[in-house]
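Asks: Contents of input-v8.pdb (PDB, C-alpha atoms, pLDDT in the B column):
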```pdb
MODEL        1
ATOM      1  CA  MET A  28     -12.123 -21.447  -3.543  1.00 40.00           C
ATOM      2  CA  ALA A  29     -11.862 -18.808  -0.830  1.00 44.00           C
ATOM      3  CA  GLN A  30      -8.223 -17.978  -1.446  1.00 68.00           C
ATOM      4  CA  THR A  31      -8.674 -15.433  -4.217  1.00 88.00           C
ATOM      5  CA  LEU A  32      -7.207 -11.970  -4.457  1.00 94.00           C
ATOM      6  CA  ASP A  33     -10.630 -10.394  -3.915  1.00 94.00           C
ATOM      7  CA  PHE A  34     -11.212 -12.508  -0.813  1.00 94.00           C
ATOM      8  CA  TRP A  35      -7.898 -11.498   0.785  1.00 96.00           C
ATOM      9  CA  ARG A  36      -8.293  -7.828  -0.183  1.00 96.00           C
ATOM     10  CA  THR A  37     -11.659  -7.835   1.577  1.00 95.00           C
ATOM     11  CA  VAL A  38     -10.144  -9.409   4.702  1.00 96.00           C
ATOM     12  CA  MET A  39      -7.313  -6.865   4.825  1.00 97.00           C
ATOM     13  CA  GLN A  40      -9.581  -3.897   4.141  1.00 96.00           C
ATOM     14  CA  SER A  41     -12.042  -4.990   6.840  1.00 95.00           C
ATOM     15  CA  LYS A  42      -9.613  -4.045   9.614  1.00 95.00           C
ATOM     16  CA  PRO A  43     -10.537  -0.752  11.316  1.00 93.00           C
ATOM     17  CA  GLY A  44      -8.525   2.091   9.785  1.00 93.00           C
ATOM     18  CA  SER A  45      -7.022  -0.139   7.075  1.00 95.00           C
ATOM     19  CA  GLN A  46      -5.837   1.588   3.921  1.00 96.00           C
ATOM     20  CA  GLU A  47      -4.692  -0.089   0.713  1.00 97.00           C
ATOM     21  CA  GLU A  48      -1.802   1.564  -1.129  1.00 97.00           C
ATOM     22  CA  THR A  49       0.579   0.668  -3.957  1.00 96.00           C
ATOM     23  CA  PRO A  50       3.854   2.449  -3.044  1.00 95.00           C
ATOM     24  CA  PHE A  51       5.957  -0.325  -4.629  1.00 93.00           C
ATOM     25  CA  GLY A  52       4.011  -0.493  -7.901  1.00 93.00           C
ATOM     26  CA  PRO A  53       0.918  -2.367  -9.063  1.00 93.00           C
ATOM     27  CA  ASP A  54       2.232  -5.832  -8.108  1.00 94.00           C
ATOM     28  CA  ALA A  55       2.240  -5.154  -4.356  1.00 95.00           C
ATOM     29  CA  LEU A  56      -0.880  -4.141  -2.437  1.00 97.00           C
ATOM     30  CA  VAL A  57       0.244  -2.637   0.861  1.00 97.00           C
ATOM     31  CA  TYR A  58      -2.102  -2.466   3.860  1.00 98.00           C
ATOM     32  CA  LYS A  59      -1.511   0.134   6.545  1.00 97.00           C
ATOM     33  CA  VAL A  60      -3.171   1.281   9.732  1.00 95.00           C
ATOM     34  CA  ALA A  61      -2.321   4.786  10.967  1.00 93.00           C
ATOM     35  CA  GLY A  62       0.396   4.955   8.312  1.00 94.00           C
ATOM     36  CA  LYS A  63       2.135   1.751   9.472  1.00 95.00           C
ATOM     37  CA  MET A  64       2.220  -1.376   7.343  1.00 96.00           C
ATOM     38  CA  PHE A  65       0.635  -4.558   8.686  1.00 97.00           C
ATOM     39  CA  GLY A  66       0.467  -6.556   5.467  1.00 97.00           C
ATOM     40  CA  LEU A  67       1.291  -6.806   1.795  1.00 97.00           C
ATOM     41  CA  ILE A  68      -0.274  -8.927  -0.928  1.00 97.00           C
ATOM     42  CA  GLY A  69       2.191  -9.839  -3.656  1.00 95.00           C
ATOM     43  CA  LEU A  70       0.774 -10.346  -7.131  1.00 93.00           C
ATOM     44  CA  GLY A  71       3.824 -11.970  -8.713  1.00 85.00           C
ATOM     45  CA  ASP A  72       4.079 -15.533 -10.035  1.00 87.00           C
ATOM     46  CA  ARG A  73       2.145 -16.738  -6.974  1.00 89.00           C
ATOM     47  CA  LEU A  74      -0.325 -14.930  -4.762  1.00 94.00           C
ATOM     48  CA  THR A  75       1.547 -14.267  -1.505  1.00 96.00           C
ATOM     49  CA  MET A  76       1.058 -12.227   1.638  1.00 97.00           C
ATOM     50  CA  ASN A  77       3.657 -10.662   3.913  1.00 96.00           C
ATOM     51  CA  LEU A  78       2.573 -10.347   7.544  1.00 97.00           C
ATOM     52  CA  LYS A  79       4.245  -8.843  10.582  1.00 96.00           C
ATOM     53  CA  CYS A  80       4.933 -11.404  13.277  1.00 95.00           C
ATOM     54  CA  ASP A  81       6.495 -11.729  16.704  1.00 94.00           C
ATOM     55  CA  PRO A  82      10.062 -12.970  16.015  1.00 94.00           C
ATOM     56  CA  GLN A  83       9.649 -16.170  18.067  1.00 95.00           C
ATOM     57  CA  ASP A  84       6.282 -16.955  16.493  1.00 94.00           C
ATOM     58  CA  ALA A  85       7.729 -16.285  13.046  1.00 95.00           C
ATOM     59  CA  LEU A  86      10.272 -19.067  13.512  1.00 95.00           C
ATOM     60  CA  ILE A  87       7.662 -21.499  14.845  1.00 95.00           C
ATOM     61  CA  LEU A  88       5.327 -20.856  11.902  1.00 97.00           C
ATOM     62  CA  ARG A  89       8.141 -21.348   9.386  1.00 97.00           C
ATOM     63  CA  GLU A  90       8.984 -24.699  10.937  1.00 96.00           C
ATOM     64  CA  ALA A  91       5.365 -25.838  11.076  1.00 97.00           C
ATOM     65  CA  PHE A  92       4.220 -24.716   7.614  1.00 97.00           C
ATOM     66  CA  PRO A  93       6.317 -25.092   4.440  1.00 97.00           C
ATOM     67  CA  ALA A  94       4.152 -22.376   2.833  1.00 96.00           C
ATOM     68  CA  VAL A  95       5.448 -19.849   5.400  1.00 97.00           C
ATOM     69  CA  THR A  96       8.896 -18.434   4.674  1.00 96.00           C
ATOM     70  CA  PRO A  97      10.991 -15.476   5.867  1.00 95.00           C
ATOM     71  CA  GLY A  98       9.504 -12.184   4.653  1.00 90.00           C
ATOM     72  CA  TYR A  99      10.363 -11.541   1.015  1.00 84.00           C
ATOM     73  CA  HIS A 100      12.075  -8.119   0.737  1.00 85.00           C
ATOM     74  CA  MET A 101      11.287  -7.512   4.427  1.00 87.00           C
ATOM     75  CA  ASN A 102      13.011  -7.688   7.802  1.00 85.00           C
ATOM     76  CA  LYS A 103      13.081 -11.477   8.047  1.00 87.00           C
ATOM     77  CA  GLN A 104      13.070 -11.406  11.843  1.00 86.00           C
ATOM     78  CA  HIS A 105       9.683  -9.637  11.998  1.00 92.00           C
ATOM     79  CA  TRP A 106       7.938 -10.611   8.753  1.00 95.00           C
ATOM     80  CA  ASN A 107       6.749 -13.855   7.171  1.00 96.00           C
ATOM     81  CA  THR A 108       5.652 -14.485   3.605  1.00 96.00           C
ATOM     82  CA  VAL A 109       2.677 -16.833   3.221  1.00 97.00           C
ATOM     83  CA  ASP A 110       2.029 -18.618  -0.071  1.00 96.00           C
ATOM     84  CA  LEU A 111      -1.723 -18.126  -0.503  1.00 95.00           C
ATOM     85  CA  THR A 112      -1.842 -20.799  -3.216  1.00 93.00           C
ATOM     86  CA  ALA A 113      -0.508 -23.567  -0.942  1.00 94.00           C
ATOM     87  CA  GLY A 114      -3.888 -24.676   0.405  1.00 93.00           C
ATOM     88  CA  LEU A 115      -3.525 -23.421   3.979  1.00 95.00           C
ATOM     89  CA  ASP A 116      -6.734 -23.033   5.970  1.00 95.00           C
ATOM     90  CA  PRO A 117      -8.096 -19.516   5.279  1.00 95.00           C
ATOM     91  CA  ASP A 118      -9.179 -19.227   8.934  1.00 95.00           C
ATOM     92  CA  LEU A 119      -5.586 -19.818  10.036  1.00 96.00           C
ATOM     93  CA  ILE A 120      -4.282 -17.154   7.657  1.00 96.00           C
ATOM     94  CA  SER A 121      -7.001 -14.790   8.886  1.00 96.00           C
ATOM     95  CA  GLU A 122      -5.721 -15.319  12.447  1.00 96.00           C
ATOM     96  CA  TRP A 123      -2.221 -14.411  11.280  1.00 97.00           C
ATOM     97  CA  ILE A 124      -3.625 -11.254   9.643  1.00 97.00           C
ATOM     98  CA  ASP A 125      -5.335 -10.378  12.942  1.00 96.00           C
ATOM     99  CA  ASP A 126      -2.051 -10.914  14.808  1.00 96.00           C
ATOM    100  CA  SER A 127      -0.148  -8.713  12.347  1.00 97.00           C
ATOM    101  CA  TYR A 128      -2.748  -5.960  12.588  1.00 95.00           C
ATOM    102  CA  GLN A 129      -2.733  -6.135  16.404  1.00 93.00           C
ATOM    103  CA  LEU A 130       1.074  -5.917  16.563  1.00 94.00           C
ATOM    104  CA  VAL A 131       0.936  -2.654  14.638  1.00 94.00           C
ATOM    105  CA  VAL A 132      -2.050  -1.236  16.528  1.00 93.00           C
ATOM    106  CA  ARG A 133      -0.408  -1.995  19.892  1.00 91.00           C
ATOM    107  CA  SER A 134       2.607   0.080  18.797  1.00 91.00           C
ATOM    108  CA  LEU A 135       0.410   3.165  18.280  1.00 89.00           C
ATOM    109  CA  PRO A 136      -0.288   5.854  20.883  1.00 88.00           C
ATOM    110  CA  LYS A 137      -3.076   4.876  23.302  1.00 90.00           C
ATOM    111  CA  LYS A 138      -5.482   7.448  21.864  1.00 87.00           C
ATOM    112  CA  GLN A 139      -5.159   5.989  18.346  1.00 88.00           C
ATOM    113  CA  GLN A 140      -5.519   2.471  19.729  1.00 85.00           C
ATOM    114  CA  ALA A 141      -8.749   3.464  21.462  1.00 85.00           C
ATOM    115  CA  GLN A 142     -10.138   4.993  18.266  1.00 84.00           C
ATOM    116  CA  LEU A 143      -9.347   1.865  16.247  1.00 84.00           C
ATOM    117  CA  LEU A 144     -10.399  -0.684  18.852  1.00 76.00           C
ATOM    118  CA  SER A 145     -13.678   0.791  20.030  1.00 70.00           C
ATOM    119  CA  PRO A 146     -15.947  -1.262  22.334  1.00 55.00           C
ATOM    120  CA  THR A 147     -17.941  -2.372  19.290  1.00 55.00           C
ATOM    121  CA  GLN A 148     -14.883  -4.196  17.973  1.00 49.00           C
ATOM    122  CA  PRO A 149     -14.422  -7.847  18.981  1.00 49.00           C
ATOM    123  CA  GLU A 150     -11.917  -8.539  21.711  1.00 47.00           C
ATOM    124  CA  THR A 151      -8.505  -9.751  20.554  1.00 47.00           C
ATOM    125  CA  ARG A 152      -6.556 -12.509  22.148  1.00 45.00           C
ATOM    126  CA  ASP A 153      -3.310 -11.803  23.919  1.00 44.00           C
ATOM    127  CA  GLU A 154      -0.507 -14.278  23.633  1.00 39.00           C
TER     128      GLU A 154
ENDMDL
END
```
Reformat the file's structure so that it appears as structure tokens.

Replies:
Amino acid sequence: MAQTLDFWRTVMQSKPGSQEETPFGPDALVYKVAGKMFGLIGLGDRLTMNLKCDPQDALILREAFPAVTPGYHMNKQHWNTVDLTAGLDPDLISEWIDDSYQLVVRSLPKKQQAQLLSPTQPETRDE
């Protein structure tokens, strides 16, 4: 089964400039790029992930997937919580991670963006 903690940690840490921190204690792995959070893996009763999301997309995803809910302990307009134990396609969740990462990177100064998204990095899709 691909949806293990180690699998998702590897995915999150593979993003250029990604750093894993535990500012909220050992039950929440926080992922940041340039000091800004783009994801959180919750290690509570269920394995969950909080991801930043465009507000309109956040609503659409919540309607389409019962395993996607408003961000737990987050700004519910901009964050979704994904139940990683619900059997969602890992490729779909990986796309959502990419989207979350890109939202944060696009908010950085152009020089930092260029450093993180060098020409050797795959192109990202714009929506």

Asks: Taking into account all atoms listed in the file, which residue in the set A:Thr31, A:Gln142, A:Asn107, A:Thr112 is nearest to Pro43 in chain A?

Replies: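 Between A:Thr31, A:Gln142, A:Asn107, A:Thr112, the residue approaching Pro43 in chain A most closely is A:Gln142.
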
Asks: Output as CSV one row per residue of range 80-114 of chain A within 12 Å of range 126-133 of chain A: the closest atom pair and its distance in Å to one decimal place, counting only C-alpha atoms, sorted by chain and residue number ascending.

Replies:
```
residue,atom,partner,partner_atom,distance
A:Cys80,CA,A:Ser127,CA,5.8
A:Asp81,CA,A:Leu130,CA,7.9
A:Pro82,CA,A:Leu130,CA,11.4
A:Asp84,CA,A:Asp126,CA,10.4
A:Ala85,CA,A:Ser127,CA,10.9
A:His105,CA,A:Ser127,CA,9.9
A:Trp106,CA,A:Ser127,CA,9.1
A:Asn107,CA,A:Ser127,CA,10.0
A:Thr108,CA,A:Ser127,CA,12.0
```

Asks: Check the smallest atom-to-atom distance from each of A:Ala94, A:Met76, A:Leu135, A:Ala55 to Ser121 in chain A using all atoms listed in the file, then report the winner.

Replies: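 Nearest candidate to Ser121 in chain A out of A:Ala94, A:Met76, A:Leu135, A:Ala55: A:Met76.
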
Asks: Which neighbours of Arg36 in chain A fall inside 10 Å, counting only C-alpha atoms, when residues of the same chain fewer than 2 positions from it are skipped, and could you give them as a compact mmCIF listing (two decimals) with C-alpha atoms, keeping the file's coordinate frame?

Replies:
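Once written, part38.txt looks like this:
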```txt
# COMPACT_ATOMS: atom_id res chain seq x y z
CA THR A 31 -8.67 -15.43 -4.22
CA LEU A 32 -7.21 -11.97 -4.46
CA ASP A 33 -10.63 -10.39 -3.92
CA PHE A 34 -11.21 -12.51 -0.81
CA VAL A 38 -10.14 -9.41 4.70
CA MET A 39 -7.31 -6.86 4.82
CA GLN A 40 -9.58 -3.90 4.14
CA SER A 41 -12.04 -4.99 6.84
CA GLU A 47 -4.69 -0.09 0.71
CA LEU A 56 -0.88 -4.14 -2.44
CA TYR A 58 -2.10 -2.47 3.86
CA LEU A 67 1.29 -6.81 1.80
CA ILE A 68 -0.27 -8.93 -0.93
```

Asks: Mind pulling up the distance from CA of Lys79 in chain A to CA of Ser145 in chain A?

Replies: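 One can read the CA of Ser145 in chain A to CA of Lys79 in chain A distance as 22.4 Å.
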
Asks: How many Å separate CA of Glu122 in chain A from CA of Phe92 in chain A?

Replies: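 Between these atoms lies a distance of 14.5 Å.
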